[in-house]
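K.L.:
My structure is in protein21.txt, and what it holds is compact mmCIF, C-alpha atoms:
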# COMPACT_ATOMS: atom_id res chain seq x y z
CA MET A 1 -29.95 87.38 59.81
CA ASN A 2 -26.41 87.86 61.12
CA ASN A 3 -23.22 87.03 59.21
CA GLN A 4 -22.57 83.77 61.05
CA THR A 5 -26.07 82.48 60.23
CA LYS A 6 -25.62 83.52 56.60
CA SER A 7 -22.27 81.65 56.45
CA GLN A 8 -23.91 78.60 57.99
CA PHE A 9 -26.68 78.61 55.36
CA VAL A 10 -24.09 79.04 52.59
CA ALA A 11 -21.85 76.27 53.98
CA VAL A 12 -24.70 73.76 54.16
CA ALA A 13 -26.11 74.72 50.76
CA SER A 14 -22.65 74.50 49.15
CA ILE A 15 -22.29 70.84 50.19
CA THR A 16 -25.11 69.80 47.88
CA SER A 17 -23.62 71.83 45.06
CA GLU A 18 -20.08 70.43 45.51
CA LEU A 19 -21.37 66.88 45.88
CA SER A 20 -23.46 66.99 42.74
CA ALA A 21 -20.19 67.72 40.87
CA VAL A 22 -18.56 64.79 42.71
CA MET A 23 -21.42 62.57 41.58
CA VAL A 24 -20.87 63.51 37.93
CA VAL A 25 -17.16 62.76 38.21
CA ALA A 26 -17.75 59.42 39.99
CA LYS A 27 -20.02 58.40 37.12
CA GLU A 28 -17.22 59.37 34.70
CA ILE A 29 -14.84 57.07 36.59
CA SER A 30 -17.38 54.26 36.31
CA LEU A 31 -17.53 54.85 32.54
CA ALA A 32 -13.74 54.95 32.33
CA ALA A 33 -13.63 51.59 34.14
CA ALA A 34 -16.00 50.03 31.61
CA ASN A 35 -13.94 51.47 28.76
CA ALA A 36 -10.70 50.17 30.31
CA LYS A 37 -12.20 46.72 30.74
CA ALA A 38 -13.09 46.55 27.04
CA ILE A 39 -9.58 47.69 25.99
CA ALA A 40 -7.92 45.26 28.40
CA PHE A 41 -10.06 42.45 27.01
CA ARG A 42 -9.01 43.26 23.46
CA ALA A 43 -5.36 43.58 24.50
CA GLY A 44 -5.44 40.06 25.99
CA ASP A 45 -2.11 38.99 27.55
CA LYS A 46 -0.48 42.35 26.83
CA ALA A 47 -2.80 43.98 29.42
CA LYS A 48 -3.11 41.08 31.81
CA GLY A 49 -2.09 43.21 34.79
CA PHE A 50 -4.61 45.87 33.85
CA GLN A 51 -7.69 43.67 33.99
CA PRO A 52 -8.06 43.37 37.84
CA ILE A 53 -7.40 47.11 38.12
CA THR A 54 -10.51 47.88 36.06
CA ASP A 55 -12.62 45.97 38.59
CA PHE A 56 -11.09 48.02 41.42
CA ILE A 57 -11.84 51.25 39.59
CA ASN A 58 -15.43 50.23 38.98
CA GLU A 59 -15.94 49.16 42.60
CA LEU A 60 -14.46 52.41 43.84
CA ALA A 61 -16.73 54.48 41.61
CA LYS A 62 -19.81 52.55 42.77
CA GLU A 63 -18.93 53.01 46.44
CA THR A 64 -18.29 56.73 45.92
CA ILE A 65 -21.68 57.15 44.25
CA GLU A 66 -23.41 55.34 47.14
CA LEU A 67 -21.56 57.42 49.73
CA VAL A 68 -22.38 60.69 47.99
CA THR A 69 -26.06 59.69 47.70
CA ASP A 70 -26.17 59.07 51.47
CA ILE A 71 -24.35 62.32 52.21
CA ASN A 72 -26.82 64.27 50.06
CA VAL A 73 -29.75 62.95 52.10
CA TYR A 74 -27.90 63.90 55.26
CA ALA A 75 -27.01 67.34 53.88
CA LEU A 76 -30.72 67.99 53.29
CA LEU A 77 -31.48 67.11 56.91
CA LEU A 78 -28.68 69.44 57.97
CA TYR A 79 -30.20 72.23 55.88
CA ARG A 80 -33.58 71.75 57.58
CA LEU A 81 -31.85 71.83 60.94
CA THR A 82 -30.16 75.09 59.95
CA VAL A 83 -33.56 76.60 59.09
CA ASN A 84 -34.94 75.37 62.41
CA GLU A 85 -32.00 76.76 64.33
CA TYR A 86 -32.45 80.12 62.62
CA ARG A 87 -36.13 80.19 63.61
CA ARG A 88 -35.39 79.19 67.21
CA THR A 89 -32.60 81.76 67.53
CA SER A 90 -34.76 84.48 66.02
CA ALA A 91 -37.59 83.63 68.44
CA TYR A 92 -35.23 83.67 71.42
CA ASN A 93 -33.82 87.09 70.45
CA ARG A 94 -37.30 88.55 69.99
CA PHE A 95 -38.59 87.04 73.24
CA GLU A 96 -35.64 88.56 75.08
CA ALA A 97 -36.36 91.92 73.46
CA ALA A 98 -40.02 91.65 74.51
CA ALA A 99 -39.04 90.72 78.09
CA LYS A 100 -36.71 93.72 78.25
CA LEU A 101 -39.37 96.09 76.89
CA ALA A 102 -41.88 94.67 79.40
CA GLU A 103 -39.66 95.12 82.46
CA ASN A 104 -42.09 97.59 83.99
CA ALA A 105 -45.26 95.91 82.74
CA ALA A 106 -47.66 94.43 85.29
CA TYR A 107 -47.25 90.96 83.80
CA GLY A 108 -43.70 91.36 82.42
CA ALA A 109 -42.36 88.52 84.59
CA SER A 110 -44.63 86.03 82.81
CA MET A 111 -42.38 86.37 79.75
CA GLN A 112 -39.51 84.61 81.53
CA GLY A 113 -41.03 81.16 80.89
CA PRO A 114 -41.18 81.55 77.08
CA VAL A 115 -37.66 83.10 77.10
CA ASP A 116 -36.24 80.08 78.98
CA VAL A 117 -38.03 77.57 76.74
CA ALA A 118 -36.87 79.39 73.60
CA LYS A 119 -33.28 79.46 74.87
CA GLY A 120 -33.39 75.71 75.58
CA ARG A 121 -34.77 74.95 72.10
CA MET A 122 -32.16 77.15 70.45
CA GLN A 123 -29.32 75.47 72.36
CA ASP A 124 -30.71 72.00 71.53
CA CYS A 125 -30.65 72.93 67.84
CA GLN A 126 -27.10 74.28 68.07
CA ARG A 127 -25.87 71.09 69.77
CA GLN A 128 -27.67 68.88 67.25
CA PHE A 129 -26.17 70.90 64.38
CA LYS A 130 -22.64 70.41 65.72
CA ARG A 131 -23.21 66.68 66.19
CA ASP A 132 -24.56 66.33 62.66
CA VAL A 133 -21.71 68.34 61.16
CA THR A 134 -19.19 66.07 62.90
CA HIS A 135 -20.96 63.02 61.43
CA LEU A 136 -21.08 64.59 57.98
CA LEU A 137 -17.35 65.39 58.14
CA SER A 138 -16.58 61.73 58.85
CA GLN A 139 -18.68 60.72 55.82
CA LEU A 140 -16.79 63.25 53.70
CA GLU A 141 -13.51 61.80 54.99
CA ALA A 142 -14.62 58.41 53.62
CA VAL A 143 -15.10 59.99 50.17
CA MET A 144 -11.62 61.56 50.43
CA HIS A 145 -10.24 58.12 51.26
CA HIS A 146 -11.82 56.74 48.08
CA ALA A 147 -10.34 59.60 46.06
CA ARG A 148 -6.86 58.88 47.45
CA ALA A 149 -7.27 55.17 46.61
CA ALA A 150 -8.31 56.11 43.07
CA ARG A 151 -5.10 58.11 42.63
CA VAL A 152 -2.98 55.12 43.73
CA ILE A 153 -4.89 52.94 41.27
CA ALA A 154 -4.31 55.50 38.55
CA ALA A 155 -0.53 55.35 39.23
CA ASN A 156 -0.58 51.54 39.04
CA SER A 157 -2.62 51.76 35.85
CA ARG A 158 0.09 53.87 34.20
CA ILE A 159 2.72 51.24 35.02
CA GLU A 160 0.56 48.43 33.66
CA ALA A 161 -0.33 50.50 30.59
CA SER A 162 3.37 50.93 29.74
CA GLN A 163 3.58 47.18 29.09
CA ALA A 164 0.50 47.03 26.87
CA GLY A 165 2.23 47.58 23.50
CA GLU A 166 -0.07 49.18 20.91
CA TYR A 167 -2.73 49.62 23.65
CA LEU A 168 -0.44 51.86 25.68
CA GLN A 169 -2.05 55.12 24.62
CA SER A 170 -5.62 53.98 25.20
CA LEU A 171 -4.85 52.58 28.64
CA GLN A 172 -2.79 55.60 29.62
CA ALA A 173 -5.74 57.77 28.68
CA VAL A 174 -7.90 55.70 31.05
CA ALA A 175 -5.32 56.13 33.83
CA GLU A 176 -5.21 59.87 33.17
CA SER A 177 -8.98 60.22 33.34
CA VAL A 178 -9.17 58.27 36.63
CA ASP A 179 -6.40 60.42 38.10
CA LYS A 180 -8.06 63.64 36.98
CA ALA A 181 -11.42 62.53 38.33
CA ALA A 182 -9.90 61.54 41.67
CA HIS A 183 -8.25 64.94 41.83
CA THR A 184 -11.57 66.73 41.23
CA ILE A 185 -13.36 64.66 43.87
CA HIS A 186 -10.58 65.36 46.36
CA ASP A 187 -10.73 69.12 45.75
CA ASN A 188 -14.54 69.38 45.90
CA VAL A 189 -14.83 67.32 49.05
CA GLN A 190 -11.99 69.25 50.63
CA ARG A 191 -13.90 72.49 50.02
CA CYS A 192 -16.95 70.99 51.77
CA ARG A 193 -14.81 69.97 54.73
CA VAL A 194 -13.22 73.40 55.06
CA ALA A 195 -16.64 75.10 54.90
CA LEU A 196 -18.08 72.83 57.58
CA SER A 197 -15.11 72.30 59.88
CA ILE A 198 -15.65 75.54 61.83
CA TYR A 199 -19.05 74.21 62.99
CA ARG A 200 -17.90 70.78 64.21
CA SER A 201 -18.20 69.88 67.89
CA ASN A 202 -14.94 69.74 69.83
CA MET B 1 -46.19 101.35 71.33
CA LYS B 2 -49.15 103.62 72.06
CA MET B 3 -51.99 101.99 74.01
CA THR B 4 -55.52 103.42 74.01
CA LYS B 5 -58.36 101.88 75.95
CA ILE B 6 -61.45 102.23 73.75
CA TYR B 7 -63.97 100.31 75.84
CA GLU B 8 -64.17 99.59 79.55
CA GLY B 9 -67.04 97.50 80.88
CA SER B 10 -67.29 93.87 81.93
CA HIS B 11 -64.40 93.46 79.50
CA GLN B 12 -61.95 95.82 77.82
CA TRP B 13 -60.92 96.80 74.30
CA ILE B 14 -57.43 98.22 73.88
CA MET B 15 -55.97 99.62 70.68
CA PHE B 16 -52.18 99.37 70.12
CA GLY B 17 -50.27 101.22 67.43
CA ARG B 18 -48.20 104.26 66.46
CA ASP B 19 -45.01 102.45 67.54
CA PRO B 20 -42.26 105.13 67.41
CA ASN B 21 -39.55 102.45 67.05
CA LYS B 22 -41.15 100.79 64.03
CA PRO B 23 -38.84 100.63 60.96
CA ALA B 24 -39.83 103.55 58.70
CA ASN B 25 -40.26 101.42 55.58
CA ILE B 26 -43.04 99.18 56.91
CA ILE B 27 -46.67 100.27 57.07
CA ASP B 28 -48.02 101.36 60.45
CA SER B 29 -50.76 99.08 61.76
CA ASN B 30 -53.30 99.03 64.56
CA GLN B 31 -53.59 95.96 66.75
CA TYR B 32 -56.60 95.37 68.99
CA VAL B 33 -56.96 93.36 72.17
CA VAL B 34 -60.09 92.21 73.96
CA ARG B 35 -59.43 91.35 77.59
CA THR B 36 -61.95 89.35 79.64
CA THR B 37 -61.48 87.98 83.15
CA ASN B 38 -59.28 85.02 82.23
CA ARG B 39 -58.64 85.38 78.54
CA CYS B 40 -57.14 87.71 76.02
CA LEU B 41 -57.78 87.95 72.27
CA LEU B 42 -55.27 89.63 69.93
CA MET B 43 -56.77 90.81 66.65
CA ASP B 44 -54.47 91.20 63.63
CA PRO B 45 -51.42 90.98 65.93
CA GLY B 46 -49.09 92.37 63.26
CA GLY B 47 -45.90 91.56 61.42
CA THR B 48 -42.71 89.95 62.67
CA GLU B 49 -41.08 93.33 63.27
CA LEU B 50 -43.86 94.28 65.67
CA PHE B 51 -43.77 91.12 67.76
CA ALA B 52 -41.53 92.30 70.63
CA PRO B 53 -43.16 95.74 71.20
CA MET B 54 -46.62 94.22 70.79
CA MET B 55 -45.95 91.40 73.25
CA ALA B 56 -44.44 93.88 75.73
CA ALA B 57 -47.48 96.15 75.38
CA VAL B 58 -49.94 93.29 75.92
CA LEU B 59 -48.07 92.27 79.09
CA HIS B 60 -49.33 95.49 80.67
CA HIS B 61 -52.82 93.95 80.49
CA ALA B 62 -52.46 90.17 80.67
CA PRO B 63 -49.86 87.50 81.49
CA VAL B 64 -48.55 85.35 78.61
CA GLU B 65 -50.54 82.28 79.71
CA GLN B 66 -53.82 84.24 79.42
CA ILE B 67 -53.21 85.21 75.80
CA THR B 68 -55.45 82.42 74.59
CA ASP B 69 -56.77 83.58 71.22
CA LEU B 70 -55.46 85.22 68.07
CA PHE B 71 -57.58 86.45 65.19
CA ALA B 72 -56.35 87.15 61.66
CA SER B 73 -58.81 89.03 59.46
CA HIS B 74 -56.91 87.80 56.40
CA GLN B 75 -53.50 86.49 55.32
CA ASP B 76 -51.41 89.60 54.78
CA PRO B 77 -47.93 89.88 56.40
CA ASP B 78 -48.75 93.13 58.22
CA VAL B 79 -51.67 91.26 59.79
CA ILE B 80 -50.11 88.01 60.92
CA SER B 81 -46.53 87.34 59.78
CA SER B 82 -45.64 87.26 63.49
CA LEU B 83 -47.61 84.00 63.80
CA GLY B 84 -44.47 81.82 64.00
CA LEU B 85 -43.31 83.80 67.05
CA TRP B 86 -46.67 83.75 68.86
CA ASP B 87 -46.74 80.05 68.07
CA GLN B 88 -43.53 79.53 70.04
CA ALA B 89 -44.43 81.93 72.86
CA LEU B 90 -47.97 80.81 73.66
CA THR B 91 -48.53 77.38 75.10
CA ASN B 92 -52.30 77.07 74.83
CA ALA B 93 -53.68 79.31 72.12
CA LYS B 94 -56.03 79.20 69.15
CA LEU B 95 -55.80 81.10 65.88
CA HIS B 96 -59.18 82.07 64.41
CA ALA B 97 -58.63 82.78 60.73
CA PRO B 98 -60.38 82.29 57.38
CA ALA B 99 -60.68 78.62 56.47
CA ILE B 100 -59.48 79.21 52.92
CA TRP B 101 -56.17 80.64 54.15
CA GLU B 102 -55.20 77.78 56.47
CA GLY B 103 -52.64 76.12 54.20
CA PHE B 104 -51.16 79.53 53.36
CA LEU B 105 -50.99 80.92 56.90
CA ARG B 106 -49.21 77.81 58.15
CA HIS B 107 -46.19 78.96 56.11
CA TYR B 108 -45.59 81.54 58.86
CA GLY B 109 -45.16 78.67 61.38
CA CYS B 110 -48.08 77.16 63.26
CA GLU B 111 -46.97 74.07 65.16
CA SER B 112 -48.50 74.39 68.61
CA ILE B 113 -51.30 76.93 68.06
CA GLU B 114 -54.62 75.34 67.15
CA TYR B 115 -55.89 76.70 63.83
CA VAL B 116 -59.65 77.30 64.10
CA PRO B 117 -60.86 77.75 60.51
CA ILE B 118 -63.65 80.31 60.06
CA PRO B 119 -66.14 79.10 57.43
CA ASP B 120 -67.17 81.52 54.67
CA HIS B 121 -70.47 82.36 56.37
CA GLY B 122 -68.75 83.52 59.59
CA GLY B 123 -68.88 82.34 63.18
CA SER B 124 -68.06 83.51 66.67
CA ILE B 125 -65.34 83.59 69.30
CA LYS B 126 -66.25 82.92 72.95
CA LEU B 127 -64.08 84.53 75.59
CA ASP B 128 -65.32 83.67 79.09
CA SER B 129 -68.96 84.89 78.95
CA LEU B 130 -68.39 87.26 76.00
CA GLU B 131 -69.36 86.21 72.49
CA LEU B 132 -67.84 88.08 69.56
CA GLN B 133 -69.31 87.76 66.08
CA LEU B 134 -67.18 87.09 63.00
CA ILE B 135 -68.66 89.09 60.14
CA PRO B 136 -67.84 88.06 56.55
CA ALA B 137 -66.01 90.76 54.59
CA HIS B 138 -64.81 88.74 51.62
CA TYR B 139 -62.97 90.61 48.87
CA LEU B 140 -62.47 93.59 51.19
CA HIS B 141 -59.74 93.31 50.27
CA SER B 142 -58.80 89.66 50.64
CA SER B 143 -60.83 86.84 49.09
CA GLY B 144 -61.22 85.28 52.54
CA ASN B 145 -61.75 88.13 55.01
CA PHE B 146 -63.60 88.64 58.33
CA HIS B 147 -64.29 91.45 60.78
CA VAL B 148 -65.00 91.15 64.51
CA TYR B 149 -68.15 92.66 66.01
CA ASP B 150 -68.71 93.06 69.73
CA PRO B 151 -72.45 93.69 70.33
CA GLN B 152 -71.82 94.63 73.96
CA ALA B 153 -69.12 97.24 73.34
CA LYS B 154 -70.65 98.14 69.93
CA ILE B 155 -67.24 97.99 68.28
CA LEU B 156 -66.56 96.63 64.80
CA MET B 157 -62.92 95.74 64.15
CA SER B 158 -63.01 96.30 60.39
CA GLY B 159 -59.62 95.12 59.11
CA ASP B 160 -58.59 97.11 56.03
CA VAL B 161 -62.04 98.73 55.62
CA GLY B 162 -61.75 102.30 56.89
CA ALA B 163 -57.96 102.19 56.68
CA ALA B 164 -55.96 105.31 55.87
CA LEU B 165 -52.34 105.95 55.02
CA GLU B 166 -51.01 108.78 57.13
CA ALA B 167 -48.32 109.99 59.53
CA PRO B 168 -47.22 107.51 62.20
CA ASP B 169 -48.02 109.98 64.99
CA ALA B 170 -51.58 110.72 63.80
CA PRO B 171 -54.38 110.87 66.40
CA VAL B 172 -56.22 107.59 66.98
CA PHE B 173 -59.74 108.93 66.21
CA VAL B 174 -60.98 110.80 63.15
CA ASP B 175 -61.66 114.39 64.25
CA ASN B 176 -62.60 115.91 60.91
CA PHE B 177 -64.25 113.43 58.56
CA ASP B 178 -64.10 115.60 55.44
CA ALA B 179 -60.37 116.24 55.94
CA HIS B 180 -59.83 112.52 56.48
CA ILE B 181 -61.32 111.47 53.13
CA ASP B 182 -58.16 112.29 51.18
CA LYS B 183 -56.13 109.95 53.41
CA MET B 184 -58.32 106.95 52.72
CA ARG B 185 -59.73 107.38 49.20
CA TYR B 186 -56.85 105.88 47.20
CA PHE B 187 -56.40 103.05 49.69
CA HIS B 188 -60.02 101.92 49.24
CA GLN B 189 -60.14 102.49 45.50
CA ARG B 190 -56.91 100.59 44.85
CA TRP B 191 -56.93 97.82 47.46
CA MET B 192 -60.66 96.95 47.40
CA PRO B 193 -61.43 95.03 44.22
CA SER B 194 -65.21 94.63 44.11
CA ASN B 195 -68.13 97.09 44.20
CA GLN B 196 -70.49 94.14 44.59
CA ALA B 197 -68.61 92.85 47.66
CA LYS B 198 -68.51 96.37 49.07
CA ARG B 199 -72.30 96.81 48.74
CA ALA B 200 -72.97 93.39 50.36
CA TRP B 201 -70.72 94.31 53.30
CA ILE B 202 -72.31 97.74 53.77
CA GLU B 203 -75.77 96.20 53.75
CA ARG B 204 -74.70 93.69 56.42
CA VAL B 205 -72.90 96.23 58.58
CA ARG B 206 -75.69 98.86 58.51
CA LYS B 207 -77.80 96.41 60.50
CA LEU B 208 -75.25 96.40 63.35
CA ASP B 209 -75.28 98.91 66.18
CA ILE B 210 -71.77 100.38 65.91
CA GLU B 211 -70.28 103.03 68.17
CA ILE B 212 -66.67 102.57 67.02
CA LEU B 213 -65.39 101.34 63.67
CA ALA B 214 -61.80 100.22 64.23
CA PRO B 215 -59.63 99.65 61.11
CA GLN B 216 -56.20 98.05 60.96
CA HIS B 217 -54.48 101.21 59.65
CA GLY B 218 -55.02 104.89 60.39
CA ARG B 219 -57.70 106.32 62.66
CA MET B 220 -60.85 104.88 64.23
CA PHE B 221 -64.32 106.29 63.52
CA LYS B 222 -66.62 107.14 66.42
CA GLY B 223 -70.33 107.98 66.71
CA ASP B 224 -71.73 109.81 63.66
CA ASP B 225 -68.47 109.35 61.76
CA VAL B 226 -69.29 105.63 61.45
CA LYS B 227 -72.40 106.42 59.41
CA ARG B 228 -70.50 109.10 57.47
CA PHE B 229 -67.89 106.51 56.58
CA LEU B 230 -70.48 103.94 55.43
CA ASP B 231 -72.21 106.54 53.24
CA TRP B 232 -68.92 107.69 51.76
CA PHE B 233 -67.76 104.11 51.10
CA ASP B 234 -71.15 103.26 49.55
CA ALA B 235 -70.70 106.00 46.96
CA LEU B 236 -67.05 105.19 46.18
CA GLN B 237 -66.08 103.30 43.02
CA VAL B 238 -63.45 100.70 43.90
CA GLY B 239 -61.24 98.38 41.84
CA ILE B 240 -59.73 101.22 39.82
CA ALA B 241 -56.61 99.46 38.56
CA VAL B 242 -58.36 97.68 35.68
When written as structure tokens, how does the structure in this file appear?
P.N.:
Amino acid sequence: MNNQTKSQFVAVASITSELSAVMVVAKEISLAAANAKAIAFRAGDKAKGFQPITDFINELAKETIELVTDINVYALLLYRLTVNEYRRTSAYNRFEAAAKLAENAAYGASMQGPVDVAKGRMQDCQRQFKRDVTHLLSQLEAVMHHARAARVIAANSRIEASQAGEYLQSLQAVAESVDKAAHTIHDNVQRCRVALSIYRSN
Amino acid sequence: MKMTKIYEGSHQWIMFGRDPNKPANIIDSNQYVVRTTNRCLLMDPGGTELFAPMMAAVLHHAPVEQITDLFASHQDPDVISSLGLWDQALTNAKLHAPAIWEGFLRHYGCESIEYVPIPDHGGSIKLDSLELQLIPAHYLHSSGNFHVYDPQAKILMSGDVGAALEAPDAPVFVDNFDAHIDKMRYFHQRWMPSNQAKRAWIERVRKLDIEILAPQHGRMFKGDDVKRFLDWFDALQVGIAV
């Protein structure tokens, strides 16, 4: 296995790992939203502006969880494709080696057919991999978009929290936890994108 | 890859092995080919590392499209881990292998090759007008294990039975049986688990008319050395690790 193939395996495998962390954080946001809703309810008019924000946070967390679930299924398909590509490439290299060794053999020319077929299969896999990576990157971009939206909501939450009197600290803590979670999601997804971007189709 | 023709008649037997370019840390193995007019059978075609030299060597005797049959005596990687590559190279081939190993052997990759499961009691392989017999050799050493007997050429391809661990450039035939014993004793005592299975196999094989006994490792036995080997093996205690 050459270094590029190893990197490809690592890149694809790391997506699942990074995304499982994203999933945990998205669930934390969902919990924070439920917590914020309860505080806002108790605060009544003092946290009037905060109440619709909690619905946004909850919706955002739900959508992120759904997106990540879809991406995980896709990442598994991409991993299988990587295995397939490795097998096809290995077969092509060995067929070429056999054809070269058989140059002077009576039936050496009959190896050309399998070499051509193996090359075609390998190239098909490589093209499919690039197409799938491009699709996966666009899905990851959607998660990044959600993370950015969560950070804006967190900023708004801080402003609303400042007007919530004795509930200020509790609501600020909610805003902090949403902001921190959004930050983590952004960083993890960004790592996935960097790892995969070298394989995207132009 | 060294090629030695061991039978020439209405069909041919060719032994392949002693590959000088083989990585030093993998065991040397013998591959056998039976070539008839339109078909070619590869017996224990070898591990992944051997695929390219083995394919190139076979192409001296048959075109790719006439490599129609593979045989695996058992499931070991030195026997058949190249299966996934043959599977992609051959368009119309069958793999004859023990029925009990089917689900295991498919891990090597077996998408286009037809798996022909050999039942425990044995069977046969037909190549043009030639019929080869599949002789049960269970527990020698694998729990599902077969050897190939050609009644016309009087050759028994005996898998790991008769195998020896020795230098990669060793001659292909045993030339001094007594001197050869040291090279095969430990292999048989350690790899073969059952004295009962050994006796059943010897009883079965003594009824066959064998001119050449052709193992998957080491040297082949010819003429009187076949009987010498059977007598020696009969007296040997195996399964020594317990």
K.L.:
With a distance cut-off of 8 Å and all atoms listed in the file, select the neighbouring residues of A:Leu140, excluding the residue or stretch itself and same-chain residues fewer than 2 positions from it, and output the selection as a list in words.
P.N.:
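Non-adjacent residues within range: Ile71, Leu136, Leu137, Ser138, Ala142, Val143, Met144, Val189, Cys192 and Arg193 of chain A.
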K.L.:
Please determine the contact residues of chain A with respect to chain B at a cut-off of 9 Å, counting only C-alpha atoms, and supply them as a VMD selection string.
P.N.:
chain A and resid 87 to 88 90 to 91 94 to 111 113 to 115 117 to 118
K.L.:
Work out how far atom CA of B:Ala137 is from atom CA of B:Ala197, in Å to one decimal.
P.N.:
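Separation of atom CA of B:Ala197 and atom CA of B:Ala137: 7.7 Å.
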K.L.:
Here is a test: counting only C-alpha atoms, which residue of A:His183, A:Arg151, A:His146, A:Lys6 is nearest to A:Val83?
P.N.:
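With only C-alpha atoms as the atom set, the closest residue is A:Lys6.
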K.L.:
Between B:Val174, B:Ile155, B:Met3, B:Leu127, single out the one closest to B:Phe221, counting all atoms listed in the file.
P.N.:
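Checking each candidate against B:Phe221, we get B:Val174 as the closest.
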K.L.:
Provide the atom CA of B:Asn21 to atom CA of B:Glu166 distance in Å, to one decimal place.
P.N.:
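According to the coordinates, atom CA of B:Asn21 and atom CA of B:Glu166 are separated by 16.4 Å.
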K.L.:
What is the distance, in Å and to one decimal place, between atom CA of B:Ile14 and atom CA of B:Val34?
P.N.:
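Taking atom CA of B:Ile14 and atom CA of B:Val34, their separation equals 6.6 Å.
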K.L.:
Find the spatial neighbours of A:Arg127, counting only C-alpha atoms, within a cut-off of 10 Å - ignore same-chain residues fewer than 5 positions away - and output them as a PyMOL selection string.
P.N.:
chain A and resi 85+121-122+132-133+200-201
K.L.:
Excluding stretch 39-42 of chain B and its own-chain neighbours fewer than 4 positions away, which residues fall within 8 Å of it when counting only C-alpha atoms? Please give them as a ChimeraX atom specification.
P.N.:
/B:31-35,62,66-71,127-128
K.L.:
Using all atoms listed in the file, which residues sit within 10 Å of A:Cys125 once same-chain residues fewer than 6 positions away are excluded, as an mmCIF file with C-alpha atoms, in the frame of the given file?
P.N.:
data_model
loop_
_atom_site.group_PDB
_atom_site.id
_atom_site.type_symbol
_atom_site.label_atom_id
_atom_site.label_comp_id
_atom_site.auth_asym_id
_atom_site.auth_seq_id
_atom_site.Cartn_x
_atom_site.Cartn_y
_atom_site.Cartn_z
ATOM 1 C CA LEU A 81 -31.850 71.830 60.940
ATOM 2 C CA THR A 82 -30.160 75.090 59.950
ATOM 3 C CA VAL A 83 -33.560 76.600 59.090
ATOM 4 C CA ASN A 84 -34.940 75.370 62.410
ATOM 5 C CA GLU A 85 -32.000 76.760 64.330
ATOM 6 C CA TYR A 86 -32.450 80.120 62.620
ATOM 7 C CA ARG A 88 -35.390 79.190 67.210
ATOM 8 C CA THR A 89 -32.600 81.760 67.530
ATOM 9 C CA LYS A 119 -33.280 79.460 74.870
ATOM 10 C CA ARG A 131 -23.210 66.680 66.190
#
K.L.:
Looking at only C-alpha atoms, which of A:Val178, A:Leu78, A:Ala47, A:Ile185 is the one that sits closest to A:Val10?
P.N.:
A:Leu78
